[in-house]
file input_15.tsv (TSV, C-alpha atoms and all ligand atoms)
chain	number	residue	atom	x	y	z
A	15	MET	CA	-83.33	-57.98	-181.02
A	16	MET	CA	-86.85	-59.33	-180.42
A	17	GLN	CA	-89.35	-56.49	-180.49
A	18	ARG	CA	-93.07	-55.83	-180.59
A	19	THR	CA	-94.83	-53.27	-182.72
A	20	LEU	CA	-98.42	-52.14	-183.14
A	21	THR	CA	-100.16	-52.21	-186.47
A	22	ILE	CA	-103.61	-50.94	-187.43
A	23	ILE	CA	-105.32	-52.25	-190.52
A	24	LYS	CA	-107.21	-49.08	-191.30
A	25	PRO	CA	-110.91	-48.67	-192.18
A	26	ASP	CA	-110.18	-48.41	-195.94
A	27	ALA	CA	-108.42	-51.80	-196.04
A	28	VAL	CA	-110.94	-53.55	-193.76
A	29	GLY	CA	-113.80	-52.07	-195.84
A	30	LYS	CA	-112.26	-53.43	-199.06
A	31	ASN	CA	-111.80	-56.95	-197.59
A	32	LEU	CA	-108.02	-56.56	-197.61
A	33	ALA	CA	-107.34	-57.35	-193.94
A	34	GLY	CA	-106.21	-60.90	-194.67
A	35	GLY	CA	-103.89	-59.68	-197.44
A	36	VAL	CA	-102.26	-57.17	-195.10
A	37	LEU	CA	-101.76	-59.72	-192.32
A	38	ASP	CA	-100.39	-62.21	-194.85
A	39	CYS	CA	-97.67	-59.68	-195.83
A	40	PHE	CA	-96.62	-59.29	-192.19
A	41	GLU	CA	-96.55	-63.04	-191.59
A	42	ARG	CA	-94.57	-63.67	-194.77
A	43	ALA	CA	-92.05	-61.07	-193.57
A	44	GLY	CA	-91.50	-63.28	-190.50
A	45	LEU	CA	-93.59	-61.30	-188.01
A	46	ARG	CA	-95.86	-63.18	-185.61
A	47	ILE	CA	-99.31	-61.96	-184.58
A	48	VAL	CA	-99.35	-62.09	-180.77
A	49	ALA	CA	-102.55	-60.06	-180.22
A	50	ALA	CA	-105.37	-58.86	-182.47
A	51	LYS	CA	-108.86	-57.42	-182.30
A	52	MET	CA	-111.38	-55.59	-184.44
A	53	LEU	CA	-112.82	-52.33	-183.22
A	54	TRP	CA	-114.53	-49.19	-184.44
A	55	LEU	CA	-112.69	-46.22	-182.98
A	56	GLN	CA	-114.61	-43.32	-181.57
A	57	ARG	CA	-113.48	-39.93	-182.85
A	58	GLU	CA	-112.01	-39.12	-179.40
A	59	GLN	CA	-109.98	-42.35	-179.41
A	60	ALA	CA	-108.55	-41.57	-182.85
A	61	GLU	CA	-107.62	-38.08	-181.62
A	62	ALA	CA	-105.90	-39.52	-178.54
A	63	PHE	CA	-104.01	-42.14	-180.56
A	64	TYR	CA	-102.75	-39.62	-183.12
A	65	TYR	CA	-102.18	-36.75	-180.63
A	66	VAL	CA	-98.59	-36.23	-181.91
A	67	HIS	CA	-100.11	-35.01	-185.18
A	68	LYS	CA	-102.62	-32.63	-183.57
A	69	GLU	CA	-100.99	-29.52	-185.05
A	70	ARG	CA	-100.89	-30.94	-188.59
A	71	GLU	CA	-103.39	-29.66	-191.13
A	72	PHE	CA	-104.58	-33.21	-191.87
A	73	PHE	CA	-105.33	-34.07	-188.20
A	74	GLY	CA	-109.11	-33.48	-188.43
A	75	SER	CA	-109.62	-35.47	-191.59
A	76	LEU	CA	-107.27	-38.24	-190.37
A	77	CYS	CA	-109.34	-38.67	-187.18
A	78	GLU	CA	-112.58	-38.53	-189.20
A	79	PHE	CA	-111.27	-41.27	-191.50
A	80	MET	CA	-109.91	-43.45	-188.68
A	81	SER	CA	-113.32	-43.39	-186.97
A	82	SER	CA	-115.29	-43.95	-190.20
A	83	GLY	CA	-115.46	-47.75	-189.94
A	84	PRO	CA	-113.99	-50.81	-188.26
A	85	CYS	CA	-110.26	-51.40	-188.10
A	86	ILE	CA	-108.10	-54.27	-186.85
A	87	VAL	CA	-105.38	-53.56	-184.31
A	88	ALA	CA	-102.65	-56.14	-183.82
A	89	VAL	CA	-99.36	-56.62	-182.02
A	90	LEU	CA	-96.59	-58.10	-184.16
A	91	GLU	CA	-93.51	-59.71	-182.71
A	92	GLY	CA	-90.16	-60.58	-184.27
A	93	GLU	CA	-86.52	-59.66	-184.81
A	94	ASP	CA	-86.37	-55.90	-185.38
A	95	ALA	CA	-90.16	-55.92	-185.65
A	96	ILE	CA	-90.55	-52.12	-185.81
A	97	LYS	CA	-88.17	-51.66	-188.74
A	98	LYS	CA	-89.31	-54.83	-190.46
A	99	ALA	CA	-92.99	-53.88	-190.29
A	100	ARG	CA	-92.26	-50.39	-191.64
A	101	ALA	CA	-90.22	-51.82	-194.51
A	102	ILE	CA	-93.00	-54.18	-195.58
A	103	MET	CA	-95.61	-51.38	-195.20
A	104	GLY	CA	-93.74	-49.02	-197.55
A	105	ALA	CA	-93.79	-45.23	-197.73
A	106	THR	CA	-96.68	-43.35	-196.07
A	107	ASP	CA	-97.80	-42.03	-199.45
A	108	PRO	CA	-98.52	-45.04	-201.71
A	109	LYS	CA	-97.26	-42.98	-204.68
A	110	ASN	CA	-93.77	-43.29	-203.16
A	111	ALA	CA	-94.10	-46.89	-201.93
A	112	GLU	CA	-91.92	-49.58	-203.42
A	113	GLU	CA	-93.26	-52.50	-205.44
A	114	GLY	CA	-94.42	-55.39	-203.26
A	115	THR	CA	-95.06	-53.28	-200.15
A	116	ILE	CA	-98.46	-53.28	-198.43
A	117	ARG	CA	-99.19	-49.66	-199.31
A	118	LYS	CA	-98.14	-50.10	-202.93
A	119	GLN	CA	-100.53	-53.03	-203.25
A	120	PHE	CA	-103.45	-51.91	-201.10
A	121	ALA	CA	-103.41	-48.16	-200.29
A	122	SER	CA	-105.32	-45.56	-202.24
A	123	SER	CA	-104.00	-42.23	-200.87
A	124	VAL	CA	-101.63	-40.73	-198.30
A	125	GLN	CA	-104.49	-40.67	-195.79
A	126	GLU	CA	-106.28	-43.88	-196.74
A	127	ASN	CA	-103.02	-45.79	-196.71
A	128	ALA	CA	-104.30	-49.18	-195.51
A	129	VAL	CA	-102.04	-49.67	-192.53
A	130	HIS	CA	-100.28	-48.02	-189.58
A	131	GLY	CA	-97.11	-49.18	-187.84
A	132	SER	CA	-95.25	-47.82	-184.81
A	133	ASP	CA	-92.18	-45.76	-185.76
A	134	ALA	CA	-89.89	-46.27	-182.70
A	135	PRO	CA	-89.63	-48.36	-179.50
A	136	ALA	CA	-91.18	-45.67	-177.27
A	137	THR	CA	-94.03	-45.18	-179.72
A	138	ALA	CA	-94.60	-48.94	-179.93
A	139	GLU	CA	-94.86	-49.14	-176.14
A	140	PHE	CA	-97.41	-46.32	-176.03
A	141	GLU	CA	-99.41	-47.65	-178.97
A	142	ILE	CA	-99.51	-51.28	-177.76
A	143	GLY	CA	-100.60	-50.11	-174.31
A	144	PHE	CA	-103.26	-47.90	-175.90
A	145	PHE	CA	-105.13	-50.96	-177.18
A	146	PHE	CA	-103.97	-54.01	-175.22
A	147	SER	CA	-103.42	-55.08	-171.64
A	148	LYS	CA	-100.50	-57.43	-170.99
A	149	PHE	CA	-102.97	-60.32	-170.52
A	150	GLU	CA	-104.19	-59.92	-174.10
A	151	ILE	CA	-100.72	-60.37	-175.61
A	152	MET	CA	-99.66	-63.98	-176.17
A	153	GLN	CA	-96.43	-65.35	-174.77
A	154	THR	CA	-94.58	-67.84	-176.98
A	155	LYS	CA	-94.70	-70.43	-174.20
A	156	ARG	CA	-97.49	-70.42	-171.66
A	157	LYS	CA	-96.47	-71.52	-168.19
A	158	ASN	CA	-99.91	-72.51	-166.80
A	201	LIG	P1	-99.80	-43.35	-190.25
A	201	LIG	O1	-98.59	-44.17	-190.48
A	201	LIG	O2	-100.96	-43.99	-189.55
A	201	LIG	O3	-99.38	-42.04	-189.43
A	201	LIG	C1	-100.09	-40.81	-189.50
A	201	LIG	C2	-101.11	-40.82	-190.57
A	201	LIG	O4	-101.51	-39.54	-191.04
A	201	LIG	C3	-100.54	-41.47	-191.84
A	201	LIG	O5	-100.33	-42.83	-191.67
A	201	LIG	C4	-101.58	-41.08	-192.86
A	201	LIG	O6	-102.76	-41.87	-192.77
A	201	LIG	C5	-101.89	-39.66	-192.39
A	201	LIG	N1	-101.14	-38.67	-193.16
A	201	LIG	C6	-99.81	-38.46	-193.17
A	201	LIG	N2	-99.48	-37.45	-194.00
A	201	LIG	C7	-100.65	-37.03	-194.52
A	201	LIG	C8	-100.98	-36.01	-195.44
A	201	LIG	N3	-100.05	-35.24	-196.00
A	201	LIG	N4	-102.29	-35.85	-195.75
A	201	LIG	C9	-103.24	-36.63	-195.18
A	201	LIG	N5	-102.98	-37.61	-194.28
A	201	LIG	C10	-101.70	-37.81	-193.96
call {"tool": "encode", "arguments": {"input": "input_15.tsv", "output": "structure tokens"}}
result
Amino acid sequence: MMQRTLTIIKPDAVGKNLAGGVLDCFERAGLRIVAAKMLWLQREQAEAFYYVHKEREFFGSLCEFMSSGPCIVAVLEGEDAIKKARAIMGATDPKNAEEGTIRKQFASSVQENAVHGSDAPATAEFEIGFFFSKFEIMQTKRKN
């Protein structure tokens, strides 16, 4: 099933010049970049994006980190894109991530874990819409 998912290359990875390496992993896994932009989230935007975690003890520091520098948000498209992107990203905590995954290669801690990916179709829809309008997402074939 063709799907779209949202990824964020987080401020730690962008700051360490690892954005290209992260995108390369997604492309090699067969996912296509159909939208992308760089932005520096405001604290309030980070809080709104991660609202599902608002009761967690790490919420404050997560939002502080996510608004600490520029990140790259992108929409990836492909067969089973949500599952595929999460497999190539690896476990949230890089200590538990498998060899060859993005987080194993590039992440430094459970918080500064280089990359985010949507975890389910409903989440992907919310997260893509959070950053992109439908006109900013490329169609495979343009009609006009
Ligand atoms: P992400 O996939 O973006 O989803 C929520 C984020 O919260 C997660 O990656 C981490 O950056 C962060 N996170 C998850 N668990 C913890 C934790 N135990 N301590 C600090 N940050 C966490």
call {"tool": "residues_near_point", "arguments": {"input": "input_15.tsv", "point": "(-85.5, -61.6, -190.5)", "cutoff": "9 Å", "atoms": "only C-alpha atoms", "output": "short mmCIF file (atom, residue, chain, number, x, y, z; two decimals) with C-alpha atoms, in the coordinates of the input"}}
result
data_model
loop_
_atom_site.label_atom_id
_atom_site.label_comp_id
_atom_site.auth_asym_id
_atom_site.auth_seq_id
_atom_site.Cartn_x
_atom_site.Cartn_y
_atom_site.Cartn_z
CA ALA A 43 -92.05 -61.07 -193.57
CA GLY A 44 -91.50 -63.28 -190.50
CA LEU A 45 -93.59 -61.30 -188.01
CA GLY A 92 -90.16 -60.58 -184.27
CA GLU A 93 -86.52 -59.66 -184.81
CA ASP A 94 -86.37 -55.90 -185.38
CA ALA A 95 -90.16 -55.92 -185.65
CA LYS A 98 -89.31 -54.83 -190.46
#
call {"tool": "closest_residue", "arguments": {"input": "input_15.tsv", "among": "A:Arg46, A:Glu69, A:Thr21, A:Ala33", "to": "Thr137 (chain A)", "atoms": "only C-alpha atoms"}}
result
A:Thr21
call {"tool": "residues_near_ligand", "arguments": {"input": "input_15.tsv", "ligand": "ligand LIG 201 (chain A)", "cutoff": "10 Å", "atoms": "only C-alpha atoms and all ligand atoms", "output": "PyMOL selection string"}}
result
chain A and resi 21-24+63-67+70-77+79-80+100+103-107+121+123-133
call {"tool": "closest_residue", "arguments": {"input": "input_15.tsv", "among": "A:Ala27, A:Glu41, A:Glu58, A:Glu78", "to": "Glu91 (chain A)", "atoms": "all atoms listed in the file"}}
result
A:Glu41
call {"tool": "axis_aligned_box", "arguments": {"input": "input_15.tsv", "around": "region 92-100 of chain A", "padding_each_side": "4 Å", "output": "JSON"}}
result
{"center_x": -89.7, "center_y": -55.5, "center_z": -188.0, "size_x": 14.6, "size_y": 18.2, "size_z": 15.4}
call {"tool": "atom_distance", "arguments": {"input": "input_15.tsv", "atom1": "CA of Val89 (chain A)", "atom2": "CA of Leu20 (chain A)"}}
result
4.7 Å
call {"tool": "closest_residue", "arguments": {"input": "input_15.tsv", "among": "A:Ser122, A:Ser81, A:Thr154, A:Asn31", "to": "Ala49 (chain A)", "atoms": "all atoms listed in the file"}}
result
A:Thr154
call {"tool": "atom_distance", "arguments": {"input": "input_15.tsv", "atom1": "CA of Glu112 (chain A)", "atom2": "CA of Arg42 (chain A)"}}
result
16.7 Å
call {"tool": "atom_distance", "arguments": {"input": "input_15.tsv", "atom1": "CA of Leu53 (chain A)", "atom2": "CA of Val28 (chain A)"}}
result
10.8 Å
call {"tool": "closest_residue", "arguments": {"input": "input_15.tsv", "among": "A:Gly143, A:Ile116, A:Leu90, A:Met152", "to": "Ile47 (chain A)", "atoms": "only C-alpha atoms"}}
result
A:Leu90
call {"tool": "decode", "arguments": {"input": "input_15.tsv", "residues": "chain A", "atoms": "C-alpha atoms", "output": "CSV table (one decimal), in the first residue's frame"}}
result
chain,number,residue,atom,x,y,z
A,15,MET,CA,0.0,0.0,0.0
A,16,MET,CA,1.4,3.4,-1.0
A,17,GLN,CA,1.6,5.7,2.0
A,18,ARG,CA,3.1,9.0,3.1
A,19,THR,CA,4.9,9.6,6.4
A,20,LEU,CA,6.4,12.7,8.0
A,21,THR,CA,10.0,12.8,9.1
A,22,ILE,CA,11.9,15.5,11.0
A,23,ILE,CA,15.6,15.6,10.9
A,24,LYS,CA,16.1,17.0,14.4
A,25,PRO,CA,18.3,20.0,15.5
A,26,ASP,CA,21.1,17.7,16.7
A,27,ALA,CA,21.5,16.0,13.3
A,28,VAL,CA,21.2,19.2,11.3
A,29,GLY,CA,23.7,20.9,13.7
A,30,LYS,CA,26.2,18.1,13.1
A,31,ASN,CA,25.8,18.2,9.3
A,32,LEU,CA,24.1,14.8,9.2
A,33,ALA,CA,21.0,15.8,7.3
A,34,GLY,CA,22.2,14.4,4.0
A,35,GLY,CA,23.2,11.2,5.7
A,36,VAL,CA,19.7,10.8,7.2
A,37,LEU,CA,18.0,11.5,3.9
A,38,ASP,CA,20.3,9.1,2.1
A,39,CYS,CA,19.2,6.3,4.4
A,40,PHE,CA,15.5,7.0,3.6
A,41,GLU,CA,16.2,7.1,-0.1
A,42,ARG,CA,18.2,3.9,0.0
A,43,ALA,CA,15.3,2.2,1.8
A,44,GLY,CA,13.2,3.0,-1.3
A,45,LEU,CA,11.3,6.1,0.1
A,46,ARG,CA,10.8,9.1,-2.1
A,47,ILE,CA,11.1,12.7,-0.8
A,48,VAL,CA,7.9,14.4,-2.0
A,49,ALA,CA,8.1,17.6,0.2
A,50,ALA,CA,10.9,19.1,2.3
A,51,LYS,CA,11.7,22.3,4.1
A,52,MET,CA,14.1,23.7,6.7
A,53,LEU,CA,12.6,25.6,9.6
A,54,TRP,CA,13.4,26.6,13.2
A,55,LEU,CA,10.4,25.7,15.4
A,56,GLN,CA,9.2,28.1,17.9
A,57,ARG,CA,8.7,26.6,21.4
A,58,GLU,CA,4.9,26.8,21.0
A,59,GLN,CA,5.1,24.9,17.7
A,60,ALA,CA,7.1,22.1,19.2
A,61,GLU,CA,4.6,21.9,22.1
A,62,ALA,CA,1.7,21.7,19.6
A,63,PHE,CA,3.4,19.0,17.5
A,64,TYR,CA,4.3,16.8,20.4
A,65,TYR,CA,1.0,17.5,22.4
A,66,VAL,CA,0.4,13.7,22.8
A,67,HIS,CA,3.5,13.6,25.1
A,68,LYS,CA,2.4,16.6,27.2
A,69,GLU,CA,2.0,14.6,30.4
A,70,ARG,CA,5.4,12.9,30.0
A,71,GLU,CA,8.2,14.0,32.3
A,72,PHE,CA,10.5,14.7,29.3
A,73,PHE,CA,7.9,17.0,27.5
A,74,GLY,CA,9.6,20.3,28.6
A,75,SER,CA,13.1,19.3,27.7
A,76,LEU,CA,11.9,17.7,24.4
A,77,CYS,CA,10.2,20.9,23.3
A,78,GLU,CA,13.3,23.0,24.4
A,79,PHE,CA,15.5,20.7,22.3
A,80,MET,CA,13.2,20.7,19.3
A,81,SER,CA,13.2,24.5,19.3
A,82,SER,CA,17.0,24.9,19.9
A,83,GLY,CA,18.0,25.1,16.3
A,84,PRO,CA,16.9,24.4,12.7
A,85,CYS,CA,15.4,21.1,11.6
A,86,ILE,CA,14.3,19.7,8.3
A,87,VAL,CA,10.8,18.4,7.9
A,88,ALA,CA,10.0,16.1,5.0
A,89,VAL,CA,7.2,14.0,3.6
A,90,LEU,CA,8.3,10.5,2.4
A,91,GLU,CA,6.3,8.4,0.1
A,92,GLY,CA,6.5,4.6,-0.7
A,93,GLU,CA,5.1,1.2,-0.1
A,94,ASP,CA,4.3,0.8,3.6
A,95,ALA,CA,6.2,4.1,4.1
A,96,ILE,CA,5.3,4.5,7.8
A,97,LYS,CA,6.6,1.0,8.8
A,98,LYS,CA,9.6,1.2,6.5
A,99,ALA,CA,10.7,4.6,7.8
A,100,ARG,CA,10.4,3.5,11.4
A,101,ALA,CA,12.5,0.3,10.6
A,102,ILE,CA,15.3,2.3,9.0
A,103,MET,CA,15.2,4.9,11.9
A,104,GLY,CA,15.7,2.2,14.6
A,105,ALA,CA,14.6,2.2,18.2
A,106,THR,CA,13.9,5.6,19.9
A,107,ASP,CA,16.8,5.1,22.2
A,108,PRO,CA,20.0,4.7,20.1
A,109,LYS,CA,21.3,2.3,22.8
A,110,ASN,CA,18.6,-0.2,21.6
A,111,ALA,CA,18.9,0.6,17.9
A,112,GLU,CA,20.0,-2.0,15.5
A,113,GLU,CA,23.2,-1.8,13.5
A,114,GLY,CA,22.8,0.2,10.3
A,115,THR,CA,19.8,2.2,11.4
A,116,ILE,CA,19.7,6.0,11.4
A,117,ARG,CA,19.7,6.3,15.1
A,118,LYS,CA,22.4,3.7,15.6
A,119,GLN,CA,24.6,5.7,13.2
A,120,PHE,CA,23.7,9.3,14.0
A,121,ALA,CA,21.8,9.7,17.4
A,122,SER,CA,23.5,10.6,20.6
A,123,SER,CA,20.7,10.0,23.2
A,124,VAL,CA,17.0,9.1,23.6
A,125,GLN,CA,16.1,12.8,23.3
A,126,GLU,CA,18.7,13.9,20.8
A,127,ASN,CA,17.9,11.0,18.5
A,128,ALA,CA,18.5,12.6,15.1
A,129,VAL,CA,15.1,11.8,13.5
A,130,HIS,CA,11.3,11.6,14.0
A,131,GLY,CA,8.9,9.5,12.0
A,132,SER,CA,5.1,9.2,12.2
A,133,ASP,CA,4.0,6.1,14.1
A,134,ALA,CA,0.5,5.3,12.4
A,135,PRO,CA,-1.6,6.5,9.5
A,136,ALA,CA,-3.7,8.9,11.6
A,137,THR,CA,-0.6,10.4,13.1
A,138,ALA,CA,1.0,10.7,9.7
A,139,GLU,CA,-2.0,12.7,8.4
A,140,PHE,CA,-1.9,15.0,11.4
A,141,GLU,CA,1.9,15.5,11.2
A,142,ILE,CA,2.0,16.1,7.4
A,143,GLY,CA,-0.8,18.6,7.7
A,144,PHE,CA,1.0,20.3,10.6
A,145,PHE,CA,3.8,21.4,8.3
A,146,PHE,CA,2.6,21.2,4.6
A,147,SER,CA,-0.3,22.2,2.5
A,148,LYS,CA,-1.4,19.8,-0.2
A,149,PHE,CA,0.1,22.2,-2.8
A,150,GLU,CA,3.6,21.7,-1.3
A,151,ILE,CA,3.5,17.9,-1.7
A,152,MET,CA,4.7,16.7,-5.1
A,153,GLN,CA,2.6,14.4,-7.2
A,154,THR,CA,4.4,11.7,-9.1
A,155,LYS,CA,2.9,13.0,-12.4
A,156,ARG,CA,2.0,16.6,-12.8
A,157,LYS,CA,-1.1,17.2,-14.9
A,158,ASN,CA,-0.5,20.9,-15.8
